[in-house]
Amino acid sequence: MYAIILAGGNGSRLWPISREFYPKQLLKLTDNTSLLQSTFARISSFIEPDNIIVNTNVELAANVKIQLEKKLNEKNLLTEPVSKDTAPAIACGIKFIEGLCKDDVVLVVPSDHVIKNIDKYAACVKNAQKLAKNGYIVTFGVEAKTPDTGYGYIESQKDASVEKLCAKAKKVSAFKEKPNEKTAKAYIENGGYFWNSGMFMFTVSTFKKEMAKHMPEIKAVLEEIDLKKSTTIPFMSYDKMPNISIDYALMEKSDNLVVVPLESDWKDLGSWEAIYDIQEKDTKGNAIAGKVIAKNCKNSLIYSNSKLISAIGAENLVVVETSDAVLVCDKDKTNTVKDVYNDLKKMNNDIYMVHKTVYRPWGYYKCLEQGEGFLTKLIHVSPRQQLSYQMHNFRSEHWVVLSGKAKILLEDKEYVLNPGQSIDIPLKAKHSLQNPFFDDLEIIEVQLGNKLVEEDIIRFKDIYGRENK
């Protein structure tokens with residue numbers, strides 16, 4: 001069996017913690033591992049790591065490599081040049097797997113689920129294999145016990161031929177979009193409905209057959225793409241793909257679907273309400289993290305990342321603070337946080353995209369101050385890591401070492417700087433900041449120029465594979 005982990009989403013409903021360039025799958029929201037790391041560990045407990053493909057976008061690829069270091073076969077990392085939702089992503093994953101096997105079963109999973117009981121989960125997946133091998137598209141449904149409006153629904157019916165292959169499986173009657181509260185209540189009253197977990201299983205040949213029938217425009221573009229030469233999907237081809245989810249493109253159209261009940265604990269961390277549900281609560285039902293003083297608050301999630309939050313009389317609220325944004329939201333309306341995210345995007349406000357703290361494969365940087373013609377950053381380089389050998393067309397830089405020891409390549413010379421020492425990086429000079437030592441390195445960087453943007457980086461050499469082509 002093979003697996004495709006979808007790790008290219010932007011996590012817009014978990015703004016302001018989740019940002020486009022460092023979304024929720026890379027964050028440690030439940031324990032000391034990120035959602036992506038937990039997903040890979042869970043899947044690799046019953047599928048060979050060499051058979052696991054991770055699909056992400058080019059902006060996240062370096063961080064994905066760092067998080068899955070020594071676990072993921074780097075040859076199995078597919079990178080999309082632009083985001084096109086799940087249908088094109090899965091199609092490319094299947095084409096890549098087709099080059100590795102004949103006609104094996106493929107499990108497709110998102111990277112933002114929490115599942116603790118791995119043994120039950122693995123048993124459920126293995127029970128579903130027989131259905132996939134017999135030509136069905138398998139969906140994994142979570143029994144709908146409450147009228148939740150944050151999930152899509154799967155309507156099911158009994159089918160003797162399906163039950164012979166898997167006793168608890170049912171035929172899918174219809175996929176339903178996320179309903180309003182009245183409709184969701186009707187689903188629960190009628191029975192036979194499952195929440196759509198977003199996990200699927202099928203053979204390579206079944207997917208190709210269904211794609212030809214229901215997604216011909218994706219099939220046509222896919223024929224242009226050669227993933228044997230490079231696992232970076234070419235922009236000129238991929239940009240022709242429709243921006244569509246696998247639910248809309250295939251699942252709502254196919255009559256070849258079955259649903260297997262997911263008999264394990266499961267939580268889709270797609271909203272702040274979902275985060276609240278999995279957190280430990282105090283005696284008044286509050287989930288609190290960070291520097292918080294809560295007085296007479298009930299059933300609220302209050303999360304501080306840097307500043308002190310003092311909350312008085314808050315009830316059924318979500319309050320989330322980061323260094324550059326604050327979210328205050330009714331806990332029952334957290335699914336609409338993505339509307340704020342989309343508004344910021346339309347306004348070209350980059351708060352939807354990056355934090356003041358921006359994570360990179362080599363460490364992170366924080367924007368401290370910005371004004372007309374200058375930008376000041378704190379740069380943290382982890383031990384044994386280094387920035388690319390690069391240059392800038394529009395800015396010069398001045399570096400001051402705060403702690404640790406910095407190795408600097410500047411044109412054809414090498415320098416080692418200790419705390420308190422500094423160096424100037426002239427406009428268009430080729431340079432690299434490196435930390436080959438065992439202690440963390442922190443520097444202050446002052447940029448000077450008329451155009452101070454991250455796009456003004458021309459990379460010549462990069463150990464994370466981000467060189468300019």
# chains A, B, ... in the order shown; residues from 1 in each chain; ligands from 1
>>> closest_atom_pairs(of="segment 233-278 of chain A", to="segment 100-121 of chain A", cutoff="7 Å", atoms="only C-alpha atoms", output="tab-separated table")
residue	atom	partner	partner_atom	distance
A:Glu263	CA	A:Lys120	CA	6.5
A:Ser264	CA	A:Tyr121	CA	5.5
A:Asp265	CA	A:Ile115	CA	5.6
A:Trp266	CA	A:Ile115	CA	4.9
A:Lys267	CA	A:Val114	CA	5.1
A:Asp268	CA	A:His113	CA	4.7
A:Leu269	CA	A:Asp112	CA	5.9
>>> write_last_selection(atoms="N, CA and C atoms", output="PDB file, in the first residue's frame")
ATOM      1  N   GLU A 263     -13.525   3.788  13.028  1.00  0.00           N
ATOM      2  CA  GLU A 263     -13.710   3.366  14.417  1.00  0.00           C
ATOM      3  C   GLU A 263     -12.456   3.664  15.235  1.00  0.00           C
ATOM      4  N   SER A 264     -12.186   4.925  15.368  1.00  0.00           N
ATOM      5  CA  SER A 264     -11.054   5.392  16.162  1.00  0.00           C
ATOM      6  C   SER A 264     -11.362   6.823  16.578  1.00  0.00           C
ATOM      7  N   ASP A 265     -10.635   7.310  17.565  1.00  0.00           N
ATOM      8  CA  ASP A 265     -10.784   8.724  17.886  1.00  0.00           C
ATOM      9  C   ASP A 265     -10.289   9.534  16.694  1.00  0.00           C
ATOM     10  N   TRP A 266     -10.889  10.669  16.464  1.00  0.00           N
ATOM     11  CA  TRP A 266     -10.546  11.491  15.283  1.00  0.00           C
ATOM     12  C   TRP A 266     -10.964  12.917  15.532  1.00  0.00           C
ATOM     13  N   LYS A 267     -10.109  13.822  15.162  1.00  0.00           N
ATOM     14  CA  LYS A 267     -10.457  15.240  15.227  1.00  0.00           C
ATOM     15  C   LYS A 267      -9.775  15.958  14.086  1.00  0.00           C
ATOM     16  N   ASP A 268     -10.564  16.686  13.343  1.00  0.00           N
ATOM     17  CA  ASP A 268     -10.052  17.539  12.273  1.00  0.00           C
ATOM     18  C   ASP A 268      -9.806  18.924  12.873  1.00  0.00           C
ATOM     19  N   LEU A 269      -8.545  19.334  12.955  1.00  0.00           N
ATOM     20  CA  LEU A 269      -8.236  20.631  13.560  1.00  0.00           C
ATOM     21  C   LEU A 269      -8.394  21.736  12.519  1.00  0.00           C
TER      22      LEU A 269
END
>>> residues_around(residues="Asn342 of chain A", least_positions_apart="6", cutoff="10 Å", atoms="only C-alpha atoms", output="list in words")
Ser12, Asn348 and Tyr352 of chain A
>>> write_last_selection(atoms="C-alpha atoms", output="PDB file, in the first residue's frame")
ATOM      1  CA  SER A  12      -7.051  29.962   6.915  1.00  0.00           C
ATOM      2  CA  ASN A 348      -2.876  42.990   0.118  1.00  0.00           C
ATOM      3  CA  TYR A 352      -2.539  36.762   6.220  1.00  0.00           C
TER       4      TYR A 352
END
>>> closest_residue(among="A:Glu217, A:Glu442, A:Glu321, A:Glu454", to="Val358 of chain A", atoms="only C-alpha atoms")
A:Glu454
>>> residues_around(residues="segment 176-179 of chain A", least_positions_apart="5", cutoff="8 Å", atoms="only C-alpha atoms", output="PyMOL selection string")
chain A and resi 149-155+184+252
>>> write_last_selection(atoms="N, CA and C atoms", output="JSON list (two decimals), in the first residue's frame")
[["chain", "number", "residue", "atom", "x", "y", "z"],
["A", 149, "THR", "N", -22.08, 21.85, 11.80],
["A", 149, "THR", "CA", -22.14, 22.50, 10.48],
["A", 149, "THR", "C", -20.76, 22.73, 9.88],
["A", 150, "GLY", "N", -19.70, 22.27, 10.57],
["A", 150, "GLY", "CA", -18.34, 22.49, 10.07],
["A", 150, "GLY", "C", -17.83, 21.37, 9.18],
["A", 151, "TYR", "N", -18.61, 20.31, 9.01],
["A", 151, "TYR", "CA", -18.18, 19.17, 8.20],
["A", 151, "TYR", "C", -19.12, 18.95, 7.02],
["A", 152, "GLY", "N", -18.56, 18.36, 5.94],
["A", 152, "GLY", "CA", -19.40, 17.81, 4.90],
["A", 152, "GLY", "C", -19.97, 16.49, 5.39],
["A", 153, "TYR", "N", -21.08, 16.05, 4.81],
["A", 153, "TYR", "CA", -21.75, 14.83, 5.26],
["A", 153, "TYR", "C", -21.79, 13.79, 4.14],
["A", 154, "ILE", "N", -21.80, 12.52, 4.55],
["A", 154, "ILE", "CA", -21.91, 11.40, 3.62],
["A", 154, "ILE", "C", -23.20, 10.65, 3.94],
["A", 155, "GLU", "N", -24.09, 10.58, 2.96],
["A", 155, "GLU", "CA", -25.33, 9.81, 3.14],
["A", 155, "GLU", "C", -25.07, 8.38, 2.68],
["A", 184, "ALA", "N", -28.49, 20.05, 9.16],
["A", 184, "ALA", "CA", -27.64, 19.13, 9.93],
["A", 184, "ALA", "C", -28.48, 18.36, 10.95],
["A", 252, "GLU", "N", -18.62, 13.78, -5.49],
["A", 252, "GLU", "CA", -20.04, 14.09, -5.65],
["A", 252, "GLU", "C", -20.61, 13.55, -6.96]]
>>> residues_around(residues="segment 232-241 of chain A", least_positions_apart="3", cutoff="8 Å", atoms="only C-alpha atoms", output="PyMOL selection string")
chain A and resi 58+78-82+84+88+217-218+221-222+224-225+227
>>> closest_atom_pairs(of="segment 269-368 of chain A", to="segment 13-17 of chain A", cutoff="6 Å", atoms="only C-alpha atoms", output="tab-separated table")
residue	atom	partner	partner_atom	distance
A:Ser271	CA	A:Arg13	CA	5.4
A:Val337	CA	A:Arg13	CA	5.0
A:Lys338	CA	A:Arg13	CA	4.5
>>> closest_residue(among="A:Lys185, A:Gln37, A:Glu315, A:Trp272", to="Lys284 of chain A", atoms="only C-alpha atoms")
A:Glu315
>>> select_by_dssp(residues="segment 189-308 of chain A", states="strand (DSSP E)", output="NGL selection string")
:A and (193-203 or 257-261 or 267-268 or 287-289 or 292-295 or 301-304)
>>> residues_around(residues="Asp330 of chain A", least_positions_apart="3", cutoff="12 Å", atoms="only C-alpha atoms", output="number ranges by chain")
A: 272-273, 299-302, 314-320, 327, 333-337
>>> closest_residue(among="A:Ala406, A:Cys367, A:Ile457, A:Ile94", to="Pro436 of chain A", atoms="only C-alpha atoms")
A:Ala406
